[in-house]
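The structure file entry30.txt is reproduced below (compact mmCIF, C-alpha atoms and all ligand atoms).
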```txt
# COMPACT_ATOMS: atom_id res chain seq x y z
CA MET Q 1 2.17 3.61 19.65
CA MET Q 2 2.42 0.25 17.94
CA LYS Q 3 5.32 -0.10 15.51
CA LYS Q 4 4.27 0.04 11.87
CA GLU Q 5 5.93 -2.77 9.95
CA VAL Q 6 5.69 -4.10 6.43
CA PHE Q 7 7.23 -7.38 5.31
CA LEU Q 8 7.31 -8.68 1.76
CA ILE Q 9 7.25 -12.33 2.74
CA SER Q 10 7.27 -14.07 -0.66
CA TRP Q 11 7.05 -13.32 -4.36
CA THR Q 12 7.18 -14.96 -7.78
CA ASP Q 13 10.55 -16.63 -8.26
CA LYS Q 14 12.95 -14.78 -10.59
CA PRO Q 15 10.57 -11.82 -10.98
CA LEU Q 16 12.59 -9.89 -13.53
CA MET Q 17 13.36 -12.89 -15.74
CA THR Q 18 9.70 -14.01 -15.55
CA MET Q 19 8.56 -10.64 -16.89
CA MET Q 20 11.30 -10.44 -19.54
CA TRP Q 21 10.43 -13.95 -20.68
CA ALA Q 22 6.69 -13.10 -20.93
CA PHE Q 23 7.50 -9.88 -22.77
CA SER Q 24 9.97 -11.52 -25.17
CA ASN Q 25 7.32 -14.04 -26.15
CA MET Q 26 5.39 -11.21 -27.82
CA HIS Q 27 8.02 -10.77 -30.53
CA ASN Q 28 10.46 -13.70 -30.33
CA SER Q 29 10.50 -17.39 -29.57
CA VAL Q 30 11.49 -18.10 -25.97
CA PRO Q 31 12.95 -21.22 -24.30
CA ASP Q 32 10.86 -23.48 -22.07
CA THR Q 33 12.81 -22.77 -18.86
CA LEU Q 34 13.69 -19.53 -17.12
CA GLU Q 35 17.19 -20.84 -16.44
CA GLU Q 36 17.84 -21.15 -20.17
CA PHE Q 37 16.29 -17.74 -20.81
CA GLU Q 38 18.44 -16.15 -18.09
CA SER Q 39 21.57 -17.78 -19.40
CA ASP Q 40 20.80 -16.64 -22.99
CA ASN Q 41 20.32 -13.05 -21.78
CA THR Q 42 23.45 -13.07 -19.64
CA THR Q 43 25.45 -14.14 -22.70
CA LYS Q 44 23.67 -11.65 -24.97
CA PHE Q 45 23.93 -8.55 -22.72
CA GLY Q 46 26.95 -9.42 -20.55
CA SER Q 47 27.90 -6.58 -18.23
CA ASP Q 48 25.10 -4.45 -19.75
CA LEU Q 49 22.42 -6.62 -18.11
CA GLY Q 50 22.19 -4.30 -15.07
CA ARG Q 51 21.36 -1.31 -17.28
CA ILE Q 52 18.93 -3.37 -19.37
CA LYS Q 53 17.01 -4.35 -16.21
CA PHE Q 54 16.48 -0.67 -15.33
CA SER Q 55 15.31 0.32 -18.80
CA PHE Q 56 13.07 -2.74 -19.07
CA ILE Q 57 11.24 -1.91 -15.81
CA LYS Q 58 11.04 1.76 -16.81
CA MET Q 59 9.29 0.75 -20.03
CA LEU Q 60 6.81 -1.43 -18.10
CA ALA Q 61 5.76 1.59 -16.08
CA THR Q 62 4.16 2.91 -19.28
CA ASN Q 63 1.35 1.52 -21.41
CA PRO Q 64 0.80 -0.73 -23.35
CA HIS Q 65 3.28 -3.11 -21.70
CA SER Q 66 2.13 -2.88 -18.07
CA SER Q 67 0.20 -6.16 -18.41
CA VAL Q 68 3.54 -7.99 -18.07
CA LEU Q 69 3.63 -6.78 -14.44
CA GLU Q 70 0.77 -9.16 -13.75
CA PHE Q 71 3.18 -12.09 -14.06
CA VAL Q 72 4.74 -11.24 -10.68
CA ASN Q 73 2.80 -11.75 -7.49
CA THR Q 74 3.79 -10.43 -4.05
CA ASN Q 75 2.66 -11.52 -0.57
CA TRP Q 76 2.72 -9.10 2.37
CA MET Q 77 2.41 -8.98 6.14
CA ILE Q 78 1.41 -5.56 7.42
CA ARG Q 79 1.54 -4.95 11.19
CA GLY Q 80 0.58 -1.92 13.24
CA GLY Q 81 -2.00 -0.59 10.73
CA SER Q 82 -5.33 0.70 12.05
CA ARG Q 83 -8.69 -0.72 10.97
CA ALA Q 84 -9.25 2.68 9.31
CA PHE Q 85 -6.14 2.08 7.21
CA GLN Q 86 -7.34 -1.45 6.44
CA GLN Q 87 -10.67 -0.11 5.19
CA GLN Q 88 -8.76 2.05 2.72
CA LEU Q 89 -6.33 -0.72 1.77
CA THR Q 90 -9.05 -3.25 1.01
CA ARG Q 91 -10.79 -0.86 -1.40
CA THR Q 92 -8.20 -2.20 -3.86
CA ARG Q 93 -10.22 -5.06 -5.33
CA LEU Q 94 -7.46 -6.65 -7.39
CA ALA Q 95 -5.82 -8.25 -4.34
CA ALA Q 96 -6.50 -10.93 -1.69
CA TYR Q 97 -6.48 -10.25 2.06
CA SER Q 98 -6.68 -11.98 5.42
CA ILE Q 99 -7.52 -9.77 8.39
CA GLN Q 100 -7.33 -10.78 12.05
CA SER Q 101 -10.85 -11.47 13.29
CA MET Q 102 -12.08 -9.23 16.07
CA ARG Q 103 -15.04 -11.58 16.39
CA ILE Q 104 -12.58 -14.08 17.89
CA VAL Q 105 -9.53 -12.25 19.27
CA ASP Q 106 -10.12 -10.52 22.64
CA VAL Q 107 -8.35 -7.14 22.51
CA GLY Q 108 -9.18 -6.16 26.09
CA ARG Q 109 -5.69 -4.73 26.71
CA PHE Q 110 -5.32 -2.72 23.52
CA PHE Q 111 -4.82 0.54 25.43
CA GLU Q 112 -2.00 -0.70 27.71
CA GLU Q 113 -0.39 -2.51 24.78
CA GLU Q 114 -0.61 0.67 22.67
CA MET Q 115 -2.35 -1.27 19.92
CA PHE Q 116 -3.80 1.85 18.30
CA HIS Q 117 -2.73 4.43 15.78
CA VAL Q 118 -1.94 7.94 16.95
CA PRO Q 119 -2.08 10.44 14.06
CA GLU Q 120 1.27 12.07 13.40
CA ARG Q 121 -0.23 15.51 14.06
CA PHE Q 122 -1.13 14.39 17.62
CA SER Q 123 1.98 12.42 18.44
CA SER Q 124 4.37 15.25 17.67
CA ASP Q 125 3.06 17.23 20.64
CA GLU Q 126 3.23 15.11 23.80
CA LYS Q 127 1.47 17.66 26.01
CA SER Q 128 -1.28 18.80 23.64
CA ALA Q 129 -4.88 18.83 24.84
CA VAL Q 130 -5.87 17.07 21.61
CA LYS Q 131 -3.58 14.14 22.27
CA SER Q 132 -4.67 13.85 25.88
CA GLU Q 133 -8.38 13.81 24.88
CA TYR Q 134 -7.62 11.22 22.20
CA LEU Q 135 -5.83 8.91 24.65
CA GLN Q 136 -8.63 9.32 27.17
CA ALA Q 137 -11.17 8.26 24.53
CA MET Q 138 -9.08 5.16 23.73
CA LYS Q 139 -8.88 4.22 27.40
CA SER Q 140 -12.57 4.69 27.93
CA ALA Q 141 -13.38 2.57 24.83
CA GLN Q 142 -11.27 -0.24 26.30
CA GLU Q 143 -13.06 0.06 29.65
CA SER Q 144 -16.48 -0.19 27.98
CA TYR Q 145 -15.33 -3.14 25.86
CA CYS Q 146 -14.05 -5.05 28.92
CA LYS Q 147 -17.14 -4.19 30.95
CA LEU Q 148 -19.45 -5.50 28.21
CA ILE Q 149 -17.52 -8.80 28.13
CA SER Q 150 -17.54 -9.09 31.92
CA LEU Q 151 -21.31 -8.58 31.83
CA GLY Q 152 -21.64 -11.54 29.44
CA ALA Q 153 -21.40 -9.94 25.99
CA LYS Q 154 -19.65 -11.98 23.30
CA VAL Q 155 -16.35 -10.64 21.93
CA GLU Q 156 -17.99 -10.34 18.49
CA ASP Q 157 -20.67 -8.04 19.94
CA ALA Q 158 -18.44 -6.06 22.30
CA ARG Q 159 -16.13 -5.14 19.40
CA GLY Q 160 -18.79 -2.66 18.28
CA VAL Q 161 -17.42 -0.10 20.76
CA LEU Q 162 -13.80 -0.44 19.60
CA PRO Q 163 -12.22 2.62 17.95
CA LEU Q 164 -11.55 2.78 14.21
CA ASN Q 165 -7.87 3.41 14.91
CA ILE Q 166 -7.31 0.12 16.76
CA CYS Q 167 -4.54 -1.88 15.06
CA SER Q 168 -4.51 -5.47 13.83
CA PRO Q 169 -2.35 -7.42 11.38
CA ILE Q 170 -3.38 -7.90 7.78
CA THR Q 171 -1.88 -9.98 4.98
CA MET Q 172 -2.22 -9.11 1.32
CA SER Q 173 -1.48 -10.87 -1.96
CA ILE Q 174 -1.24 -8.62 -5.01
CA ASN Q 175 0.47 -8.57 -8.40
CA LEU Q 176 2.90 -5.81 -9.36
CA ARG Q 177 0.50 -4.08 -11.73
CA ALA Q 178 -2.26 -3.75 -9.14
CA LEU Q 179 0.33 -2.80 -6.50
CA SER Q 180 1.72 -0.07 -8.71
CA HIS Q 181 -1.81 1.33 -9.22
CA MET Q 182 -2.53 1.17 -5.48
CA LEU Q 183 0.73 2.68 -4.28
CA GLU Q 184 0.59 5.45 -6.84
CA THR Q 185 -2.63 6.82 -5.32
CA ARG Q 186 -1.45 6.33 -1.74
CA LEU Q 187 1.97 7.93 -2.26
CA CYS Q 188 0.11 11.14 -3.17
CA ASN Q 189 0.55 13.90 -0.57
CA LEU Q 190 -3.24 14.03 -0.23
CA ALA Q 191 -3.47 10.39 0.95
CA GLN Q 192 -3.86 9.94 4.70
CA ASP Q 193 -0.50 10.04 6.52
CA GLU Q 194 -0.81 6.50 7.91
CA HIS Q 195 -1.47 4.99 4.49
CA ARG Q 196 1.29 7.05 2.87
CA LEU Q 197 3.76 5.82 5.47
CA PHE Q 198 2.86 2.21 4.69
CA ALA Q 199 3.06 2.90 0.94
CA GLU Q 200 6.57 4.31 1.36
CA LYS Q 201 7.62 1.29 3.42
CA MET Q 202 6.28 -1.05 0.72
CA VAL Q 203 8.27 0.70 -2.02
CA LYS Q 204 11.40 0.36 0.13
CA GLU Q 205 10.71 -3.32 0.77
CA ILE Q 206 10.21 -4.03 -2.96
CA SER Q 207 13.40 -2.16 -3.89
CA THR Q 208 15.39 -4.05 -1.24
CA LYS Q 209 14.07 -7.53 -1.94
CA LEU Q 210 13.24 -7.53 -5.67
CA GLY Q 211 15.91 -5.04 -6.78
CA ALA Q 212 16.36 -1.26 -6.98
CA GLU Q 213 15.11 -1.27 -10.59
CA PHE Q 214 11.60 -2.23 -9.35
CA GLY Q 215 11.40 0.99 -7.32
CA GLN Q 216 10.79 2.87 -10.60
CA LEU Q 217 7.31 1.38 -10.81
CA PHE Q 218 6.08 3.33 -7.83
CA ARG Q 219 5.83 7.07 -8.19
CA LYS Q 220 3.45 9.76 -7.02
CA PRO Q 221 0.65 10.25 -9.60
CA CYS Q 222 1.82 13.80 -10.36
CA GLU Q 223 5.40 12.64 -10.98
CA LYS Q 224 4.07 10.02 -13.39
CA ALA Q 225 1.54 12.24 -15.20
CA GLY Q 226 3.54 15.48 -15.17
CA HIS Q 227 0.58 17.34 -13.63
CA CYS Q 228 -1.51 17.07 -10.46
CA THR Q 229 -4.18 14.39 -11.00
CA MET Q 230 -6.22 15.25 -7.90
CA PRO Q 231 -9.08 17.78 -7.75
CA ILE Q 232 -7.26 19.74 -5.03
CA ASN Q 233 -3.57 20.57 -5.27
CA CYS Q 234 -1.48 19.68 -2.19
CA GLY Q 235 0.72 22.71 -2.84
CA LYS Q 236 3.85 20.72 -2.01
CA THR Q 237 5.03 20.00 -5.55
CA GLN Q 238 5.71 22.06 -8.67
CA PHE Q 239 2.91 20.30 -10.56
CA GLU Q 240 -0.22 22.19 -11.61
CA LEU Q 241 -3.80 20.97 -11.37
CA ASP Q 242 -5.12 18.98 -14.34
CA GLY Q 243 -6.88 21.36 -16.77
CA ALA Q 244 -10.07 19.26 -16.47
CA TYR Q 245 -10.57 20.50 -12.91
CA LYS Q 246 -10.10 24.15 -13.75
CA ASN Q 247 -13.61 24.52 -15.20
CA THR Q 248 -15.31 22.35 -12.58
CA ASP Q 249 -17.32 23.74 -9.69
CA LEU Q 250 -15.25 21.97 -7.04
CA ASP Q 251 -17.14 23.60 -4.16
CA LEU Q 252 -20.31 21.94 -5.39
CA TRP Q 253 -18.77 18.48 -5.77
CA LEU Q 254 -16.23 18.28 -2.98
CA LYS Q 255 -17.75 20.13 -0.06
CA GLY Q 256 -21.22 18.54 -0.02
C1 LIG O 301 -6.76 10.07 -1.63
C2 LIG O 301 -7.91 9.11 -1.75
C3 LIG O 301 -9.15 9.45 -1.22
C4 LIG O 301 -10.23 8.57 -1.31
N1 LIG O 301 -11.46 8.94 -0.78
C5 LIG O 301 -12.50 8.09 -0.86
C6 LIG O 301 -13.77 8.45 -0.30
O1 LIG O 301 -13.95 9.52 0.27
N2 LIG O 301 -14.79 7.56 -0.38
C7 LIG O 301 -14.64 6.36 -1.05
O2 LIG O 301 -15.60 5.60 -1.14
N3 LIG O 301 -13.45 5.98 -1.58
C8 LIG O 301 -12.39 6.82 -1.50
N4 LIG O 301 -11.18 6.42 -2.03
C9 LIG O 301 -11.04 5.08 -2.62
C10 LIG O 301 -11.11 5.14 -4.16
O3 LIG O 301 -12.36 5.66 -4.58
C11 LIG O 301 -10.92 3.73 -4.75
O4 LIG O 301 -11.98 2.90 -4.34
C12 LIG O 301 -9.64 3.06 -4.33
O5 LIG O 301 -8.54 3.95 -4.48
C13 LIG O 301 -9.41 1.80 -5.18
O6 LIG O 301 -9.14 2.20 -6.51
P1 LIG O 301 -9.52 1.31 -7.78
O7 LIG O 301 -10.98 1.02 -7.81
O8 LIG O 301 -8.94 2.01 -8.96
O9 LIG O 301 -8.65 -0.03 -7.50
P2 LIG O 301 -8.99 -1.57 -7.74
O10 LIG O 301 -10.23 -1.95 -7.01
O11 LIG O 301 -7.77 -2.35 -7.41
O12 LIG O 301 -9.24 -1.64 -9.26
C14 LIG O 301 -8.14 -1.44 -10.17
C15 LIG O 301 -8.70 -1.07 -11.52
O13 LIG O 301 -9.42 -2.19 -12.08
C16 LIG O 301 -10.57 -1.71 -12.76
N5 LIG O 301 -11.77 -2.27 -12.09
C17 LIG O 301 -11.81 -2.95 -10.91
N6 LIG O 301 -13.06 -3.36 -10.65
C18 LIG O 301 -13.82 -2.91 -11.66
C19 LIG O 301 -15.21 -2.99 -11.95
N7 LIG O 301 -16.08 -3.61 -11.17
N8 LIG O 301 -15.65 -2.43 -13.09
C20 LIG O 301 -14.81 -1.78 -13.94
N9 LIG O 301 -13.47 -1.65 -13.71
C21 LIG O 301 -13.00 -2.21 -12.59
C22 LIG O 301 -10.53 -0.17 -12.72
O14 LIG O 301 -9.82 0.28 -13.86
C23 LIG O 301 -9.69 0.10 -11.49
O15 LIG O 301 -9.02 1.36 -11.51
C24 LIG O 301 -10.08 7.29 -1.95
C25 LIG O 301 -8.82 6.95 -2.48
C26 LIG O 301 -7.75 7.83 -2.38
C27 LIG O 301 -6.41 7.43 -2.96
```
Output the file's structure in the form of structure tokens.
Ligand SMILES: Cc1cc2nc3c(=O)[nH]c(=O)nc-3n(C[C@H](O)[C@H](O)[C@H](O)COP(=O)(O)OP(=O)(O)OC[C@H]3O[C@@H](n4cnc5c(N)ncnc54)[C@H](O)[C@@H]3O)c2cc1C
Amino acid sequence: MMKKEVFLISWTDKPLMTMMWAFSNMHNSVPDTLEEFESDNTTKFGSDLGRIKFSFIKMLATNPHSSVLEFVNTNWMIRGGSRAFQQQLTRTRLAAYSIQSMRIVDVGRFFEEEMFHVPERFSSDEKSAVKSEYLQAMKSAQESYCKLISLGAKVEDARGVLPLNICSPITMSINLRALSHMLETRLCNLAQDEHRLFAEKMVKEISTKLGAEFGQLFRKPCEKAGHCTMPINCGKTQFELDGAYKNTDLDLWLKG
């Protein structure tokens, strides 16, 4: 199976200072350069600056100050994600994307190159009948795709027979507030495993490149709210279902 990789390729320079500067402007006068602002804060807080960074980010994770998170933009390269994952990802409207075009790129060797997602539940059992049927379906989709092209079909028309779990790279540009909203829902145990895996990788990438204090922004919705925010409880945490769902006929609404 194709390796799933996430790279935070660029972000707003001096992300923490940019947000502190924007926040400070609400109640104080601030200098015209970030360098001056940083130097003032280093003098003011000294060795306490590390602790201040953590508590500042923690505060931003709560309202009404989350708007300051919009001052920091992040740009991502995501490889090895299926088109199904991309459909879910791009439901987040407060972001920009570029997706490889399957109208143009010929993916006639996607099976040999293992350019498709295998659900975790299948891949754990190498000899299962489910996995073998799944791989056979992938192979046969590739054969039909190549045959259509050899018979004169255009790549953009032949792509109609490609599976939803075929992988292609996607780039995304998103600010920290929108990212926090997106990752929160996808870190939930009820999110699809592929998306959750990417969400976890993104949190790790942010913590490594922007600083450990930024990791606090991204928590499962139940950890943030103190109760389960989904209509069905995953049963894997100590959090109870939101009271609002207790009097709702979930069978009527969720099972069609
Ligand atoms: C576990 C899970 C299961 C899901 N299942 C399904 C499913 O079965 N079918 C399905 O269709 N979707 C499904 N979704 C997608 C979901 O419904 C949302 O579309 C997706 O999570 C994006 O959320 P959002 O609209 O809050 O985010 P964004 O589009 O990034 O918007 C962020 C916020 O901005 C505001 N906003 C954005 N645009 C507008 C607007 N036009 N008007 C008013 N406010 C706006 C809202 O406050 C919104 O929360 C699922 C998502 C999850 C996490």
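In this comparison, which uses all atoms listed in the file, the residue of Q:Ile149, Q:Ile166, Q:Ile9, Q:Val130 approaching Glu113 in chain Q most closely is Q:Ile166.
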Of Q:Thr208, Q:Thr185, Q:Ser168, Q:Thr43, the one nearest to ligand LIG 301 (chain O) when counting only C-alpha atoms and all ligand atoms is Q:Thr185
| For Lys53 in chain Q, which residue out of Q:Glu240, Q:Asp157, Q:Glu223, Q:Glu213 is the nearest one, using only C-alpha atoms? |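 Nearest candidate to Lys53 in chain Q out of Q:Glu240, Q:Asp157, Q:Glu223, Q:Glu213: Q:Glu213.
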*If we count only C-alpha atoms, what is near Pro119 in chain Q at a cut-off of 10 Å, once residues fewer than 3 positions away on the same chain are taken out, given as a list in words?*
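My reading of the contact set: Met1, Phe116, Phe122, Ser123, Ser124, Lys131, Tyr134, Asn165, Gln192, Asp193 and Glu194 of chain Q.
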Practice problem: Identify, on the basis of all atoms listed in the file, every residue whose closest approach to Asn75 in chain Q does not exceed 7 Å; exclude the query and any residue fewer than 2 positions from it along the same chain; express the result as a ChimeraX atom specification. | Solution: /Q:8-11,73,172-174
With a cut-off of 10 Å, could you pull out the residues of range 148-244 of chain Q touching range 65-68 of chain Q and give me the nearest pair of atoms for each, distance in Å to one decimal, using only C-alpha atoms, ordered by chain and ascending number, as CSV?
```
residue,atom,partner,partner_atom,distance
Q:Leu176,CA,Q:Val68,CA,9.0
Q:Arg177,CA,Q:Ser66,CA,6.7
Q:Ala178,CA,Q:Ser67,CA,9.9
Q:Ser180,CA,Q:Ser66,CA,9.8
Q:Leu217,CA,Q:Ser66,CA,9.9
```
Which is closest to ligand LIG 301 (chain O) among Q:Thr229, Q:Gln88, Q:Ser150, Q:Ser144, if we use all atoms listed in the file?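 Smallest separation from ligand LIG 301 (chain O) among the options: Q:Gln88.
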